[in-house]
Amino acid sequence: MNLCRVTVRKMSQGKKLQPLRKVGIIGVPFEKGQKKYGVSVAPAALRAAGLISKLKEIEGLDVKDYGDIETPDIKEVKVDNMAHLALVSACNKKLSERVTQVLKDDRIVVTIGGDHSIGVGTVDGHYKVNEDMILVWVDAHADINTNKTSDSGSVHGMPVALLVTEFRNYWPYLPTMDWQDPVFSIKSLGYIGLRSVDNFERLAIEKYKVPTFAMEDVEEHGIKNSIQHVLQALDPTSSRPIHVSFDIDALDALEAPSTGTPVRGGLTLREAICLMEIVHATGRLRAVDLVEVNPAIGNEKDRNQTIEAGLCILKAALGFSRRGTAPRGVLDLPIQDPNKPAS
Ligand SMILES: NC(=[NH2+])NCCC[C@H](N)C(=O)O
């Protein structure tokens with residue numbers, strides 16, 4: 001018997017990735033990864049603001065709504081400095097399965113959070129289909145704390161550390177998390193928009209040389225060069241599937257005030273749109289998360305502004321362009337010489 005097994009890796013490498021024009025939406029009304037009320041109502045608020053119909057307006061885009069992930073009410077486990085782990089785990093397990101299903105249906109997955117702890121489920125589910133995926137984490141925060149380094153004990157500051165294989169040994173045994181094997185490599189991760197990074201997180205980013213464009217780098221190089229550099233550094237062959245996990249607090253707090261951990265000095269909405277347009281243009285976007293929109297924070301104007309910013313970002317990721325098409329013929333008109341009388 002031949003014991004030599006050929007592993008068929010779930011890689012899209014080799015065959016050139018084709019742009020997908022089909023999208024699947026998943027809502028995740030989950031907020032136990034942090035302490036404030038409200039981020040769980042974001043999927044409903046975004047839907048009420050016309051998320052589905054606005055995406056359907058994008059030419060040639062087929063949009064299917066896969067509904068919300070409901071988290072079962074389960075008994076909590078006790079883990080030091082890690083709040084609500086059992087609930088976070090249960091939600092992410094279901095989410096991961098749904099993400100995998102949407103990708104297998106040949107659709108780009110759009111996941112609407114929820115707080116950023118749901119990045120565990122989206123990336124886990126994506127990795128199960130595309131092991132060669134790269135991850136761009138657009139955020140004011142690095143979210144790479146463990147329960148030993150976090151000041152808050154909130155899991156929304158820990159999803160990246162839960163996902164990456166290089167951090168396996170930094171964790172104690174985590175009850176309820178057996179379903180999740182940290183197999184994604186930190187070498188496939190890049191950051192954009194950082195400006196509130198904890199001490200240990202900074203050490204980790206430096207140790208593993210994670211391609212990072214913090215706000216001062218975006219300021220120096222511009223958003224186009226920043227995202228292009230990250231994509232190029234992670235994938236010089238320009239062939240790998242892309243996952244963008246977008247925390248609305250990557251935007252300046254003036255642009256997106258309704259969020260739980262706002263930080264001033266962030267991206268403008270225009271910069272975020274530009275980033276997403278560049279990712280869209282690669283034709284390799286396979287998953288995008290929009291998290292930490294909290295409609296319960298601020299007044300009505302804040303709420304509307306934040307939701308609208310979120311919608312603009314998703315539309316840009318999926319191919320909406322502001323460049324209107326000039327009516328046929330308009331650009332062909334002869335240019336009138338101002339010195340000559342009109343004939
Ligand atoms: N996804 C977020 N908004 N994360 C905020 C994290 C804040 C802080 N670094 C923490 O670990 O608690």
# chains A, B, ... in the order shown; residues from 1 in each chain; ligands from 1
>>> select_by_dssp(residues="stretch 78-148 of chain A", states="strand (DSSP E)", output="PyMOL selection string")
chain A and resi 108-113+134-138
>>> write_last_selection(atoms="N, CA and C atoms", output="compact mmCIF listing (two decimals), in the first residue's frame")
# COMPACT_ATOMS: atom_id res chain seq x y z
N ILE A 108 -18.62 36.56 -3.33
CA ILE A 108 -17.80 37.32 -2.39
C ILE A 108 -18.61 37.41 -1.09
N VAL A 109 -17.98 37.16 0.06
CA VAL A 109 -18.72 37.25 1.32
C VAL A 109 -18.62 38.65 1.88
N VAL A 110 -19.75 39.24 2.19
CA VAL A 110 -19.77 40.54 2.87
C VAL A 110 -20.37 40.29 4.25
N THR A 111 -19.56 40.45 5.29
CA THR A 111 -20.05 40.19 6.65
C THR A 111 -20.22 41.51 7.39
N ILE A 112 -21.43 41.71 7.92
CA ILE A 112 -21.74 42.94 8.63
C ILE A 112 -21.81 42.63 10.13
N GLY A 113 -20.87 43.20 10.89
CA GLY A 113 -20.88 42.96 12.34
C GLY A 113 -21.81 43.95 13.00
N ILE A 134 -4.86 36.33 1.58
CA ILE A 134 -4.15 37.34 2.36
C ILE A 134 -5.18 38.20 3.09
N LEU A 135 -4.76 38.75 4.22
CA LEU A 135 -5.69 39.49 5.08
C LEU A 135 -5.20 40.92 5.29
N VAL A 136 -6.05 41.89 4.92
CA VAL A 136 -5.72 43.29 5.18
C VAL A 136 -6.66 43.77 6.29
N TRP A 137 -6.06 44.11 7.42
CA TRP A 137 -6.83 44.52 8.60
C TRP A 137 -6.80 46.05 8.65
N VAL A 138 -7.94 46.66 8.33
CA VAL A 138 -8.00 48.13 8.28
C VAL A 138 -8.66 48.59 9.57
>>> residues_near_ligand(ligand="ligand 1", cutoff="6 Å", atoms="only C-alpha atoms and all ligand atoms", output="list of chain:residue names")
A:His116, A:His141, A:Asp143, A:Asn145, A:Ser150, A:Asp151, A:Ser152, A:Ser154, A:His156, A:Gly157, A:Asp198, A:Thr261
>>> write_last_selection(atoms="N, CA and C atoms", output="PDB file, in the first residue's frame")
ATOM      1  N   HIS A 116     -15.478  43.439  16.451  1.00  0.00           N
ATOM      2  CA  HIS A 116     -14.422  42.849  15.621  1.00  0.00           C
ATOM      3  C   HIS A 116     -14.020  41.436  16.059  1.00  0.00           C
ATOM      4  N   HIS A 141      -6.897  50.020  15.559  1.00  0.00           N
ATOM      5  CA  HIS A 141      -6.255  49.136  16.544  1.00  0.00           C
ATOM      6  C   HIS A 141      -5.698  47.893  15.859  1.00  0.00           C
ATOM      7  N   ASP A 143      -5.641  44.790  17.288  1.00  0.00           N
ATOM      8  CA  ASP A 143      -6.457  43.625  17.677  1.00  0.00           C
ATOM      9  C   ASP A 143      -5.645  42.339  17.762  1.00  0.00           C
ATOM     10  N   ASN A 145      -3.950  41.421  20.722  1.00  0.00           N
ATOM     11  CA  ASN A 145      -3.672  41.097  22.119  1.00  0.00           C
ATOM     12  C   ASN A 145      -4.057  39.650  22.423  1.00  0.00           C
ATOM     13  N   SER A 150      -3.870  41.915  27.118  1.00  0.00           N
ATOM     14  CA  SER A 150      -4.956  42.882  26.952  1.00  0.00           C
ATOM     15  C   SER A 150      -5.226  43.671  28.232  1.00  0.00           C
ATOM     16  N   ASP A 151      -5.459  44.975  28.095  1.00  0.00           N
ATOM     17  CA  ASP A 151      -5.852  45.785  29.252  1.00  0.00           C
ATOM     18  C   ASP A 151      -7.347  45.674  29.517  1.00  0.00           C
ATOM     19  N   SER A 152      -8.099  45.375  28.465  1.00  0.00           N
ATOM     20  CA  SER A 152      -9.561  45.419  28.590  1.00  0.00           C
ATOM     21  C   SER A 152     -10.195  44.059  28.867  1.00  0.00           C
ATOM     22  N   SER A 154     -11.390  42.371  26.602  1.00  0.00           N
ATOM     23  CA  SER A 154     -12.419  42.256  25.557  1.00  0.00           C
ATOM     24  C   SER A 154     -11.857  41.530  24.339  1.00  0.00           C
ATOM     25  N   HIS A 156     -12.708  41.607  21.311  1.00  0.00           N
ATOM     26  CA  HIS A 156     -12.584  42.349  20.043  1.00  0.00           C
ATOM     27  C   HIS A 156     -11.180  42.931  19.857  1.00  0.00           C
ATOM     28  N   GLY A 157     -10.388  42.944  20.932  1.00  0.00           N
ATOM     29  CA  GLY A 157      -8.980  43.350  20.806  1.00  0.00           C
ATOM     30  C   GLY A 157      -8.040  42.162  20.588  1.00  0.00           C
ATOM     31  N   ASP A 198      -1.270  48.864  21.400  1.00  0.00           N
ATOM     32  CA  ASP A 198      -0.764  48.598  22.754  1.00  0.00           C
ATOM     33  C   ASP A 198       0.689  48.107  22.671  1.00  0.00           C
ATOM     34  N   THR A 261     -14.877  52.390  20.167  1.00  0.00           N
ATOM     35  CA  THR A 261     -13.531  52.803  20.598  1.00  0.00           C
ATOM     36  C   THR A 261     -12.947  53.771  19.553  1.00  0.00           C
TER      37      THR A 261
END
>>> residues_around(residues="A:Met215", least_positions_apart="6", cutoff="7 Å", atoms="only C-alpha atoms", output="PyMOL selection string")
chain A and resi 193-195+266
>>> write_last_selection(atoms="N, CA and C atoms", output="tab-separated table (two decimals), in the first residue's frame")
chain	number	residue	atom	x	y	z
A	193	GLY	N	-4.04	51.93	8.77
A	193	GLY	CA	-4.84	52.85	9.57
A	193	GLY	C	-4.54	52.87	11.05
A	194	LEU	N	-3.56	52.07	11.51
A	194	LEU	CA	-3.30	51.95	12.96
A	194	LEU	C	-2.90	53.29	13.57
A	195	ARG	N	-3.39	53.52	14.78
A	195	ARG	CA	-2.96	54.70	15.55
A	195	ARG	C	-3.24	54.53	17.04
A	266	GLY	N	-7.78	59.69	12.03
A	266	GLY	CA	-7.83	58.50	11.18
A	266	GLY	C	-8.02	58.79	9.71
>>> residues_around(residues="A:Val28", least_positions_apart="3", cutoff="8 Å", atoms="only C-alpha atoms", output="list in words")
Ser40, Pro43, Asp68, Ile69, Glu70, Leu95, Thr111, Ile112, Gly113, Gly114 and Ile118 of chain A
>>> closest_residue(among="A:Lys209, A:Arg47, A:His126, A:Lys301", to="A:Lys104", atoms="only C-alpha atoms")
A:His126
>>> select_by_dssp(residues="stretch 11-232 of chain A", states="helix (DSSP H, G or I)", output="PyMOL selection string")
chain A and resi 39-48+51-56+85-104+116-127+155-157+159-163+165-170+186-188+199-207+215-221+223-232
>>> closest_residue(among="A:Gly33, A:Gly121, A:Gly222, A:Gly283", to="A:Leu318", atoms="only C-alpha atoms")
A:Gly283
>>> closest_residue(among="A:Leu163, A:Leu189, A:Ala140, A:Val218", to="A:Asp252", atoms="only C-alpha atoms")
A:Ala140
>>> residues_around(residues="A:Thr259", least_positions_apart="2", cutoff="9 Å", atoms="only C-alpha atoms", output="list in words")
Val39, Ile248, Asp249, Ala253, Ala256, Pro257, Thr261, Pro262, Glu292, Val293, Asn294, Pro295, Ala296, Ile297, Gly298 and Thr306 of chain A
>>> write_last_selection(atoms="C-alpha atoms", output="short mmCIF file (atom, residue, chain, number, x, y, z; two decimals), in the first residue's frame")
data_model
loop_
_atom_site.label_atom_id
_atom_site.label_comp_id
_atom_site.auth_asym_id
_atom_site.auth_seq_id
_atom_site.Cartn_x
_atom_site.Cartn_y
_atom_site.Cartn_z
CA VAL A 39 -23.03 47.21 17.95
CA ILE A 248 -15.25 51.53 10.96
CA ASP A 249 -12.98 53.09 13.60
CA ALA A 253 -13.86 59.77 14.63
CA ALA A 256 -17.60 57.84 11.80
CA PRO A 257 -18.54 58.92 15.33
CA THR A 261 -13.53 52.80 20.60
CA PRO A 262 -13.15 55.92 18.41
CA GLU A 292 -17.90 48.10 15.01
CA VAL A 293 -20.65 50.36 13.64
CA ASN A 294 -22.61 51.20 16.80
CA PRO A 295 -25.86 53.03 16.04
CA ALA A 296 -26.58 53.45 19.77
CA ILE A 297 -23.64 55.84 20.19
CA GLY A 298 -24.14 59.56 19.51
CA THR A 306 -21.53 56.46 10.33
#
>>> residues_around(residues="A:Leu251", least_positions_apart="6", cutoff="7 Å", atoms="only C-alpha atoms", output="JSON, numbers by chain")
{"A": [266, 267, 268, 269]}
>>> write_last_selection(atoms="N, CA and C atoms", output="JSON list (two decimals), in the first residue's frame")
[["chain", "number", "residue", "atom", "x", "y", "z"],
["A", 266, "GLY", "N", -7.78, 59.69, 12.03],
["A", 266, "GLY", "CA", -7.83, 58.50, 11.18],
["A", 266, "GLY", "C", -8.02, 58.79, 9.71],
["A", 267, "LEU", "N", -8.42, 57.75, 8.97],
["A", 267, "LEU", "CA", -8.62, 57.89, 7.52],
["A", 267, "LEU", "C", -9.82, 58.80, 7.25],
["A", 268, "THR", "N", -9.76, 59.52, 6.14],
["A", 268, "THR", "CA", -10.97, 60.19, 5.68],
["A", 268, "THR", "C", -11.82, 59.14, 4.96],
["A", 269, "LEU", "N", -13.09, 59.44, 4.79],
["A", 269, "LEU", "CA", -13.96, 58.51, 4.06],
["A", 269, "LEU", "C", -13.43, 58.37, 2.63]]
>>> closest_residue(among="A:Val123, A:Val63, A:Leu174, A:Leu20", to="A:His243", atoms="only C-alpha atoms")
A:Val123
>>> atom_distance(atom1="atom CA of A:Leu290", atom2="atom CA of A:Tyr37")
17.5 Å
>>> atom_distance(atom1="atom CA of A:Asp302", atom2="atom CA of A:Leu46")
13.9 Å
>>> closest_residue(among="A:Ile52, A:Met82, A:Ala309, A:Leu285", to="A:Arg270", atoms="only C-alpha atoms")
A:Ala309
>>> residues_around(residues="A:His229", least_positions_apart="4", cutoff="12 Å", atoms="only C-alpha atoms", output="number ranges by chain")
A: 136, 190-192, 211-213, 217-218, 221-225, 233-236, 238, 275, 278-279
